[in-house]
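Asker: For reference, this is run_8.csv, and it has CSV, C-alpha atoms.
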```csv
chain,number,residue,atom,x,y,z
H,1453,MET,CA,0.0,0.0,0.0
H,1454,LYS,CA,1.4,3.4,-1.0
H,1455,VAL,CA,0.0,6.6,0.6
H,1456,ALA,CA,0.3,9.9,-1.1
H,1457,GLN,CA,2.9,12.2,0.4
H,1458,SER,CA,0.3,15.0,0.8
H,1459,VAL,CA,-1.8,12.7,3.0
H,1460,LEU,CA,1.3,11.7,5.1
H,1461,ASP,CA,2.0,15.4,5.5
H,1462,LEU,CA,-1.5,16.2,6.6
H,1463,ALA,CA,-1.5,13.2,9.0
H,1464,ALA,CA,1.6,14.6,10.7
H,1465,LEU,CA,-0.1,18.0,11.1
H,1466,VAL,CA,-3.2,16.2,12.5
H,1467,ALA,CA,-1.0,14.3,15.0
H,1468,ASP,CA,0.4,17.7,16.2
H,1469,ALA,CA,-3.1,19.2,16.4
H,1470,LEU,CA,-4.4,16.3,18.5
H,1471,GLY,CA,-1.4,16.4,20.9
H,1472,TYR,CA,0.6,13.5,19.6
H,1473,PRO,CA,4.2,13.5,18.3
H,1474,PRO,CA,4.2,14.2,14.5
H,1475,SER,CA,6.0,11.6,12.4
H,1476,HIS,CA,7.8,14.5,10.6
H,1477,GLN,CA,7.7,18.2,10.0
H,1478,PRO,CA,6.0,18.8,6.7
H,1479,THR,CA,6.7,21.9,4.6
H,1480,LEU,CA,3.6,24.1,4.8
H,1481,ASP,CA,2.6,25.7,1.5
H,1482,GLN,CA,-0.6,26.9,-0.1
H,1483,SER,CA,-1.4,23.6,-1.9
H,1484,LEU,CA,-1.2,21.6,1.4
H,1485,VAL,CA,-3.3,24.0,3.4
H,1486,HIS,CA,-5.9,24.1,0.6
H,1487,ALA,CA,-6.0,20.3,0.5
H,1488,ALA,CA,-6.6,20.3,4.2
H,1489,ILE,CA,-9.4,22.9,3.9
H,1490,HIS,CA,-11.2,21.9,0.7
H,1491,ARG,CA,-10.2,18.3,-0.1
H,1492,HIS,CA,-10.1,16.7,3.3
H,1493,GLN,CA,-12.1,19.2,5.4
H,1494,ILE,CA,-9.7,19.3,8.3
H,1495,GLY,CA,-8.8,23.0,8.0
H,1496,PRO,CA,-10.4,24.0,11.4
H,1497,LEU,CA,-8.5,21.2,13.1
H,1498,LEU,CA,-5.2,22.4,11.6
H,1499,PHE,CA,-5.9,25.9,13.0
H,1500,ALA,CA,-5.0,24.4,16.4
H,1501,VAL,CA,-1.3,24.0,15.4
H,1502,VAL,CA,-0.9,27.6,14.0
H,1503,PRO,CA,0.6,28.9,17.3
H,1504,ARG,CA,3.3,26.3,17.1
H,1505,LEU,CA,4.0,26.6,13.4
H,1506,GLN,CA,3.9,30.4,12.9
H,1507,ASP,CA,7.6,30.6,12.0
H,1508,ARG,CA,7.0,28.0,9.1
H,1509,MET,CA,3.6,29.3,7.9
H,1510,PRO,CA,3.1,32.4,5.7
H,1511,PRO,CA,0.8,35.0,7.3
H,1512,ALA,CA,-1.8,34.6,4.5
H,1513,LEU,CA,-2.2,30.9,5.2
H,1514,ARG,CA,-2.5,31.6,9.0
H,1515,GLU,CA,-5.2,34.0,8.3
H,1516,GLU,CA,-7.0,31.6,5.9
H,1517,LEU,CA,-7.0,28.8,8.5
H,1518,GLY,CA,-8.2,31.3,11.1
H,1519,TRP,CA,-11.1,32.4,8.9
H,1520,HIS,CA,-12.2,28.8,8.3
H,1521,TYR,CA,-12.0,28.0,12.1
H,1522,SER,CA,-14.1,31.1,12.9
H,1523,ASP,CA,-16.6,30.3,10.1
H,1524,ASN,CA,-16.8,26.7,11.3
H,1525,ALA,CA,-17.4,27.8,14.9
H,1526,HIS,CA,-20.3,29.9,13.7
H,1527,ARG,CA,-21.7,27.0,11.7
H,1528,GLN,CA,-21.5,24.7,14.7
H,1529,GLN,CA,-23.3,27.2,16.9
H,1530,ASP,CA,-26.0,27.6,14.2
H,1531,ALA,CA,-26.3,23.8,14.0
H,1532,MET,CA,-26.8,23.5,17.7
H,1533,THR,CA,-29.4,26.2,17.7
H,1534,ARG,CA,-31.2,24.4,14.9
H,1535,LEU,CA,-30.9,21.1,16.6
H,1536,VAL,CA,-32.5,22.5,19.8
H,1537,GLY,CA,-35.4,23.7,17.7
H,1538,ILE,CA,-35.7,20.4,15.8
H,1539,GLY,CA,-35.5,18.5,19.1
H,1540,THR,CA,-38.3,20.6,20.6
H,1541,ALA,CA,-40.5,20.0,17.6
H,1542,PHE,CA,-39.7,16.2,17.5
H,1543,SER,CA,-40.4,15.9,21.2
H,1544,ALA,CA,-43.8,17.6,20.8
H,1545,HIS,CA,-44.7,15.0,18.2
H,1546,ARG,CA,-43.1,12.1,20.1
H,1547,ILE,CA,-40.6,11.3,17.4
H,1548,SER,CA,-37.6,9.2,18.5
H,1549,TRP,CA,-34.4,10.6,17.0
H,1550,MET,CA,-30.7,11.3,17.4
H,1551,THR,CA,-27.9,13.2,15.7
H,1552,LEU,CA,-25.3,11.6,13.4
H,1553,LYS,CA,-21.8,13.1,12.9
H,1554,SER,CA,-23.1,16.6,14.0
H,1555,ALA,CA,-22.1,19.2,16.5
H,1556,PRO,CA,-22.8,17.0,19.6
H,1557,GLN,CA,-20.4,14.4,18.3
H,1558,ALA,CA,-17.8,17.0,17.5
H,1559,ALA,CA,-18.0,18.3,21.0
H,1560,ALA,CA,-17.8,14.7,22.5
H,1561,LEU,CA,-14.7,13.8,20.4
H,1562,TYR,CA,-12.7,17.1,20.3
H,1563,GLY,CA,-13.9,19.1,23.3
H,1564,ASP,CA,-14.1,22.2,21.0
H,1565,PRO,CA,-16.7,21.3,18.4
H,1566,ALA,CA,-15.3,24.0,16.1
H,1567,LEU,CA,-12.3,21.8,15.4
H,1568,ARG,CA,-14.4,19.5,13.3
H,1569,HIS,CA,-15.5,20.7,10.0
H,1570,SER,CA,-19.3,21.2,9.9
H,1571,SER,CA,-21.2,20.3,6.8
H,1572,ASP,CA,-24.8,19.0,6.8
H,1573,ILE,CA,-26.9,18.2,9.9
H,1574,ASP,CA,-27.4,14.4,10.0
H,1575,LEU,CA,-30.3,13.0,11.9
H,1576,LEU,CA,-31.5,9.4,12.4
H,1577,VAL,CA,-35.1,8.6,13.3
H,1578,ALA,CA,-36.9,5.3,13.9
H,1579,PRO,CA,-38.3,3.9,10.6
H,1580,ARG,CA,-41.8,4.2,11.8
H,1581,ASP,CA,-41.3,8.0,12.4
H,1582,PHE,CA,-39.6,8.8,9.1
H,1583,ALA,CA,-42.7,10.2,7.2
H,1584,ARG,CA,-43.9,12.1,10.3
H,1585,ALA,CA,-40.4,13.5,10.8
H,1586,ILE,CA,-40.4,14.9,7.3
H,1587,GLU,CA,-43.8,16.5,8.0
H,1588,VAL,CA,-42.5,18.1,11.2
H,1589,LEU,CA,-39.3,19.4,9.6
H,1590,ALA,CA,-41.4,20.9,6.8
H,1591,MET,CA,-43.6,22.6,9.5
H,1592,VAL,CA,-40.6,24.2,11.1
H,1593,GLY,CA,-39.1,25.6,7.9
H,1594,TYR,CA,-37.2,22.8,5.9
H,1595,ILE,CA,-38.0,21.9,2.3
H,1596,PRO,CA,-37.5,18.3,1.1
H,1597,SER,CA,-35.2,18.6,-1.9
H,1598,ASN,CA,-33.3,15.3,-2.5
H,1599,PRO,CA,-35.6,13.7,-3.4
H,1600,PRO,CA,-38.3,16.3,-3.5
H,1601,ALA,CA,-41.3,15.1,-1.5
H,1602,PRO,CA,-44.1,17.7,-1.6
H,1603,ALA,CA,-47.0,17.2,0.7
H,1604,GLY,CA,-49.7,15.1,-0.9
H,1605,PRO,CA,-50.5,11.6,-1.9
H,1606,MET,CA,-47.1,11.0,-3.6
H,1607,ARG,CA,-45.0,11.8,-0.5
H,1608,ARG,CA,-45.5,8.5,1.3
H,1609,ALA,CA,-44.7,6.5,-1.8
H,1610,ILE,CA,-41.5,8.5,-2.3
H,1611,LEU,CA,-40.4,8.2,1.3
H,1612,ALA,CA,-41.0,4.4,1.2
H,1613,ALA,CA,-38.4,4.0,-1.5
H,1614,VAL,CA,-35.5,5.9,-0.1
H,1615,ARG,CA,-33.2,5.6,3.0
H,1616,ASP,CA,-32.7,9.3,3.5
H,1617,VAL,CA,-34.0,12.7,2.4
H,1618,SER,CA,-32.1,16.0,2.3
H,1619,LEU,CA,-34.0,19.0,3.4
H,1620,ILE,CA,-32.9,22.7,2.9
H,1621,ALA,CA,-33.7,25.4,5.3
H,1622,ARG,CA,-36.2,27.8,3.8
H,1623,GLU,CA,-34.5,30.9,5.0
H,1624,ASP,CA,-30.9,29.8,4.4
H,1625,HIS,CA,-30.3,27.5,1.5
H,1626,ARG,CA,-26.8,26.8,2.7
H,1627,CYS,CA,-28.1,24.8,5.6
H,1628,ALA,CA,-29.1,21.2,4.8
H,1629,VAL,CA,-30.6,18.5,7.1
H,1630,ASP,CA,-30.1,14.9,6.0
H,1631,LEU,CA,-32.7,12.7,7.6
H,1632,HIS,CA,-32.0,9.0,7.7
H,1633,ARG,CA,-34.3,6.1,8.6
H,1634,ARG,CA,-31.6,3.5,8.7
H,1635,LEU,CA,-27.8,3.6,8.9
H,1636,PHE,CA,-27.0,1.8,5.6
H,1637,LEU,CA,-28.5,1.3,2.2
H,1638,ALA,CA,-28.3,-2.4,2.9
H,1639,VAL,CA,-31.3,-4.1,4.5
H,1640,GLY,CA,-31.7,-7.3,6.4
H,1641,ARG,CA,-30.2,-8.9,9.5
H,1642,ARG,CA,-26.6,-8.2,8.6
H,1643,ALA,CA,-27.1,-4.4,8.2
H,1644,ARG,CA,-29.2,-4.3,11.4
H,1645,ALA,CA,-26.3,-5.8,13.4
H,1646,ILE,CA,-24.8,-2.3,13.8
H,1647,GLU,CA,-26.9,-0.3,16.2
H,1648,LEU,CA,-26.5,3.0,17.9
H,1649,LYS,CA,-27.4,3.5,21.5
H,1650,ARG,CA,-28.8,7.0,22.2
H,1651,ASP,CA,-27.7,9.3,25.0
H,1652,GLY,CA,-30.5,11.4,26.4
H,1653,GLY,CA,-31.1,15.1,26.4
H,1654,LEU,CA,-32.9,17.7,24.2
H,1655,VAL,CA,-30.3,17.0,21.5
H,1656,PRO,CA,-29.6,13.2,21.8
H,1657,SER,CA,-26.5,11.8,20.2
H,1658,PRO,CA,-25.0,8.3,19.9
H,1659,ARG,CA,-23.2,6.9,22.9
H,1660,LEU,CA,-19.4,6.6,22.5
H,1661,ASP,CA,-19.2,2.8,22.2
H,1662,ALA,CA,-18.3,-0.1,19.8
H,1663,GLY,CA,-21.5,0.5,17.8
H,1664,LEU,CA,-20.6,4.0,17.0
H,1665,ALA,CA,-17.0,3.0,16.2
H,1666,CYS,CA,-18.3,0.4,13.7
H,1667,TYR,CA,-20.8,2.8,12.2
H,1668,LEU,CA,-18.1,5.5,11.7
H,1669,ILE,CA,-15.7,2.9,10.2
H,1670,LEU,CA,-18.3,1.6,7.8
H,1671,HIS,CA,-19.5,5.2,6.9
H,1672,GLY,CA,-15.9,6.0,5.8
H,1673,ALA,CA,-15.4,2.7,4.1
H,1674,GLN,CA,-18.6,3.0,2.0
H,1675,SER,CA,-17.0,6.2,0.5
H,1676,TYR,CA,-13.6,4.5,0.2
H,1677,TRP,CA,-12.3,6.9,2.9
H,1678,VAL,CA,-12.0,9.7,0.4
H,1679,ARG,CA,-12.0,12.3,3.2
H,1680,LEU,CA,-9.3,12.4,5.8
H,1681,LYS,CA,-11.8,14.0,8.2
H,1682,TRP,CA,-13.7,10.8,8.7
H,1683,LEU,CA,-10.5,8.8,9.5
H,1684,VAL,CA,-9.3,11.4,12.0
H,1685,ASP,CA,-12.6,11.0,14.0
H,1686,LEU,CA,-11.5,7.5,14.9
H,1687,VAL,CA,-8.5,8.7,16.8
H,1688,PRO,CA,-10.3,10.5,19.7
H,1689,LEU,CA,-13.1,8.0,19.6
H,1690,LEU,CA,-10.8,5.0,20.1
H,1691,ALA,CA,-8.9,6.9,22.8
H,1692,ARG,CA,-12.2,7.1,24.8
H,1693,LEU,CA,-13.2,3.5,24.4
H,1694,ASP,CA,-12.1,0.9,27.0
H,1695,ASP,CA,-10.7,-2.4,26.0
H,1696,ALA,CA,-14.0,-4.2,26.6
H,1697,GLU,CA,-15.7,-1.9,24.0
H,1698,LYS,CA,-12.9,-2.3,21.5
H,1699,GLU,CA,-13.1,-6.1,21.8
H,1700,LYS,CA,-16.7,-5.8,20.6
H,1701,ILE,CA,-15.7,-4.3,17.3
H,1702,PRO,CA,-14.5,-7.5,15.5
H,1703,ARG,CA,-17.7,-9.3,16.8
H,1704,LEU,CA,-19.9,-6.6,15.3
H,1705,ALA,CA,-17.9,-6.8,12.1
H,1706,ARG,CA,-18.6,-10.5,11.9
H,1707,LEU,CA,-22.3,-10.2,12.7
H,1708,SER,CA,-22.7,-7.5,10.0
H,1709,GLY,CA,-20.6,-9.3,7.4
H,1710,THR,CA,-18.1,-6.4,7.1
H,1711,GLU,CA,-14.9,-7.9,8.6
H,1712,LYS,CA,-12.7,-7.2,5.6
H,1713,SER,CA,-13.9,-3.6,5.3
H,1714,VAL,CA,-13.5,-2.9,9.1
H,1715,ALA,CA,-10.0,-4.6,9.2
H,1716,ALA,CA,-8.7,-2.7,6.1
H,1717,SER,CA,-10.0,0.6,7.5
H,1718,LEU,CA,-8.3,0.1,10.9
H,1719,MET,CA,-5.1,-0.8,9.0
H,1720,LEU,CA,-5.3,2.4,7.1
H,1721,LEU,CA,-5.9,4.3,10.4
H,1722,GLN,CA,-2.8,2.6,11.9
H,1723,SER,CA,-0.6,3.4,8.9
H,1724,LEU,CA,-1.4,7.1,9.2
H,1725,PHE,CA,-1.8,7.4,12.9
H,1726,PRO,CA,0.4,4.7,14.6
H,1727,PHE,CA,-0.5,6.2,18.0
H,1728,ALA,CA,-4.2,5.4,17.6
H,1729,ALA,CA,-5.3,3.3,20.6
H,1730,LEU,CA,-6.1,0.0,18.9
H,1731,GLY,CA,-5.1,-2.1,22.0
H,1732,PRO,CA,-6.9,-5.4,21.9
H,1733,LEU,CA,-7.7,-5.0,18.2
H,1734,GLN,CA,-4.1,-5.7,17.3
H,1735,PRO,CA,-4.3,-9.6,17.4
H,1736,TRP,CA,-7.4,-9.6,15.3
H,1737,LEU,CA,-5.8,-7.3,12.7
H,1738,ALA,CA,-2.7,-9.5,12.6
H,1739,GLN,CA,-5.0,-12.4,11.6
H,1740,GLN,CA,-6.6,-10.3,8.9
H,1741,VAL,CA,-3.6,-8.6,7.3
H,1742,GLY,CA,-2.6,-11.5,5.1
H,1743,GLN,CA,-5.9,-11.8,3.4
H,1744,ARG,CA,-5.9,-10.7,-0.2
H,1745,SER,CA,-9.4,-9.2,-0.1
H,1746,VAL,CA,-8.4,-7.1,2.9
H,1747,GLN,CA,-5.2,-5.8,1.1
H,1748,ALA,CA,-7.3,-5.0,-2.0
H,1749,ARG,CA,-9.6,-2.8,0.1
H,1750,LEU,CA,-6.7,-1.2,1.8
H,1751,THR,CA,-5.1,-0.3,-1.5
H,1752,ARG,CA,-8.4,1.1,-2.8
H,1753,TYR,CA,-8.8,3.2,0.3
H,1754,ALA,CA,-5.3,4.6,0.1
H,1755,CYS,CA,-5.7,5.4,-3.6
H,1756,ALA,CA,-9.0,7.3,-3.0
H,1757,LEU,CA,-7.6,9.2,0.0
H,1758,GLY,CA,-4.6,10.3,-2.0
H,1759,MET,CA,-6.4,11.7,-5.1
H,1760,GLU,CA,-5.6,15.3,-5.6
H,1761,ASN,CA,-9.1,16.0,-7.0
H,1762,ASP,CA,-11.8,13.5,-6.2
H,1763,ARG,CA,-14.6,15.3,-8.1
H,1764,GLY,CA,-16.5,12.6,-10.1
H,1765,HIS,CA,-13.9,10.0,-9.2
H,1766,SER,CA,-15.2,8.8,-5.8
H,1767,PRO,CA,-18.4,7.3,-4.4
H,1768,LEU,CA,-19.4,10.7,-3.2
H,1769,ASP,CA,-20.6,11.8,-6.7
H,1770,ASN,CA,-20.2,8.9,-9.0
H,1771,ALA,CA,-23.2,6.5,-9.1
H,1772,GLY,CA,-21.2,3.6,-10.4
H,1773,LEU,CA,-18.6,3.8,-7.8
H,1774,THR,CA,-21.2,4.4,-5.1
H,1775,MET,CA,-22.8,1.0,-5.9
H,1776,GLN,CA,-19.5,-0.7,-6.2
H,1777,ALA,CA,-18.5,0.7,-2.8
H,1778,TYR,CA,-21.8,-0.5,-1.2
H,1779,MET,CA,-21.3,-4.0,-2.6
H,1780,SER,CA,-17.7,-4.0,-1.3
H,1781,LEU,CA,-18.8,-3.0,2.2
H,1782,PHE,CA,-20.9,-6.0,2.9
H,1783,GLU,CA,-19.5,-9.5,2.2
H,1784,SER,CA,-22.6,-11.6,2.4
H,1785,PRO,CA,-23.9,-12.5,-1.1
H,1786,TRP,CA,-27.5,-12.4,0.2
H,1787,THR,CA,-27.0,-8.9,1.6
H,1788,ARG,CA,-25.6,-7.8,-1.8
H,1789,VAL,CA,-28.5,-9.4,-3.6
H,1790,GLN,CA,-31.0,-7.6,-1.4
H,1791,MET,CA,-29.2,-4.3,-2.1
H,1792,VAL,CA,-29.7,-4.3,-5.9
H,1793,PRO,CA,-33.5,-3.7,-6.0
H,1794,VAL,CA,-33.3,-1.3,-3.1
H,1795,ALA,CA,-30.7,0.8,-4.8
H,1796,ALA,CA,-32.4,0.7,-8.2
H,1797,LEU,CA,-35.8,1.7,-6.8
H,1798,SER,CA,-34.2,4.5,-4.7
H,1799,SER,CA,-32.2,5.9,-7.7
H,1800,LEU,CA,-35.3,5.8,-9.9
H,1801,VAL,CA,-37.5,7.6,-7.4
H,1802,ARG,CA,-34.9,10.2,-6.8
H,1803,ARG,CA,-34.4,11.0,-10.5
H,1804,THR,CA,-38.1,10.9,-11.2
H,1805,ALA,CA,-39.1,13.2,-8.3
H,1806,GLY,CA,-36.2,15.5,-9.2
H,1807,ALA,CA,-37.4,15.8,-12.7
H,1808,ILE,CA,-41.1,16.5,-11.7
H,1809,TRP,CA,-40.3,19.0,-8.9
H,1810,ARG,CA,-37.3,20.7,-10.3
H,1811,LYS,CA,-37.6,23.8,-8.2
H,1812,GLU,CA,-37.3,21.9,-4.9
H,1813,ARG,CA,-34.5,19.7,-6.3
H,1814,ALA,CA,-32.6,22.8,-7.4
H,1815,LEU,CA,-32.3,23.9,-3.7
H,1816,THR,CA,-29.8,21.0,-3.0
H,1817,ARG,CA,-26.3,22.5,-2.8
H,1818,SER,CA,-24.7,19.5,-4.4
H,1819,ASP,CA,-26.0,16.2,-5.8
H,1820,ALA,CA,-25.9,13.4,-3.4
H,1821,PRO,CA,-24.6,10.0,-4.7
H,1822,ALA,CA,-27.3,7.8,-6.0
H,1823,GLU,CA,-28.2,5.0,-3.6
```
Represent the supplied structure as structure tokens.

Answerer:
Amino acid sequence: MKVAQSVLDLAALVADALGYPPSHQPTLDQSLVHAAIHRHQIGPLLFAVVPRLQDRMPPALREELGWHYSDNAHRQQDAMTRLVGIGTAFSAHRISWMTLKSAPQAAALYGDPALRHSSDIDLLVAPRDFARAIEVLAMVGYIPSNPPAPAGPMRRAILAAVRDVSLIAREDHRCAVDLHRRLFLAVGRRARAIELKRDGGLVPSPRLDAGLACYLILHGAQSYWVRLKWLVDLVPLLARLDDAEKEKIPRLARLSGTEKSVAASLMLLQSLFPFAALGPLQPWLAQQVGQRSVQARLTRYACALGMENDRGHSPLDNAGLTMQAYMSLFESPWTRVQMVPVAALSSLVRRTAGAIWRKERALTRSDAPAE
């Protein structure tokens, strides 16, 4: 496995930002900082090392990182305000929900939530509450846009065919809420083996445990780890898990039929961040490392992570690669067979609804990958 030098340089800067000894002292230039900000979405985190690297960083780059940190802090605060409002509305309608990869998780992992780049607000609701949650979000100012799902007889049919819906805030089209009714495109017993336990509060979030670790690993793997941001999240998470929780990760990987994807992901993590607290996972990884399919995934992840420009060349915005990545994620032939009609129907419904209700579809900031 060969990792691009730019990724190794960014990993060294991340180590420094997280308080670990960096493997080397990379040369800071505009291309590296821009890759951190735009390509890998870790610009706010790198702002933490600016005080220690001022003598090696041009003033313009320091200012740029500072601006992105400040802008991200504002976005995280805005997200929390919105989540409180959404939580109040959901509670009033007795909708069971939690956040995914949003501001509460950023605060739990990094202390300062502004260190983690904020993008969309991800929410998970119980499948039985999915349609009602869309209605409540529409009532409080969010417009279903991917796929469009206007109120009326067609809404329930559209929602029955998709796993998630992106909604855009009516007063600020830069703000998107992604509402999920299950964690993965895959259905069936294997996919349901990964569960998230909810912490309480007005803005509930997943408990920091093995289930969350597996979900974050598989979330990154289903996009071939094209963003360094997702891999970095595993470092503080694993540092917070005790050995008993870490020992559950291989078991959950076996139950979900994702052992090869989980093993390759953790090997990628270890290659970039050797200080990651893998602990009791090491013997299991030693058993997996010689498997050809694991190495093939590891090579694919390293290649995707090292692309200078992933636009159109990653599962994030390439429908063919998206389906390929989903199929690679789950190893069970039956899970893969079940996925094909689910993905085909979802993609058809998204495209059809987008063609019919073009105005609502146009609100989406960027096209989501087809399911």

Asker: Check the smallest atom-to-atom distance from each of H:Ile1573, H:Leu1497, H:Leu1757, H:Leu1660 to Gly1471 of chain H using only C-alpha atoms, then report the winner.

Answerer: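 The closest residue to Gly1471 of chain H is H:Leu1497.
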
Asker: Between atom CA of Leu1462 of chain H and atom CA of Val1502 of chain H, what is the spacing in Å?

Answerer: 13.6 Å

Asker: Can I get the residues of segment 1467-1518 of chain H within 12 Å of segment 1664-1682 of chain H, each with the closest pair of atoms and their distance in Å to one decimal, using only C-alpha atoms, sorted chain first then ascending number, as a Markdown table?

Answerer:
```
| residue | atom | partner | partner_atom | distance |
| --- | --- | --- | --- | --- |
| H:Ala1487 | CA | H:Leu1680 | CA | 10.1 |
| H:Ala1488 | CA | H:Leu1680 | CA | 8.5 |
| H:Ile1489 | CA | H:Lys1681 | CA | 10.2 |
| H:His1490 | CA | H:Arg1679 | CA | 10.0 |
| H:Arg1491 | CA | H:Arg1679 | CA | 7.1 |
| H:His1492 | CA | H:Arg1679 | CA | 4.8 |
| H:Gln1493 | CA | H:Lys1681 | CA | 5.9 |
| H:Ile1494 | CA | H:Lys1681 | CA | 5.7 |
| H:Gly1495 | CA | H:Lys1681 | CA | 9.5 |
| H:Pro1496 | CA | H:Lys1681 | CA | 10.6 |
| H:Leu1497 | CA | H:Lys1681 | CA | 9.3 |
| H:Leu1498 | CA | H:Lys1681 | CA | 11.2 |
```

Asker: Which residue out of H:Ala1467, H:Leu1724, H:Ala1662, H:Ala1512 has the minimum interatomic distance to Lys1698 of chain H when all atoms listed in the file are used?

Answerer: H:Ala1662

Asker: In Å, with one decimal, what is the gap from atom CA of Glu1783 of chain H to atom CA of Ala1715 of chain H?

Answerer: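 Separation of atom CA of Glu1783 of chain H and atom CA of Ala1715 of chain H: 12.8 Å.
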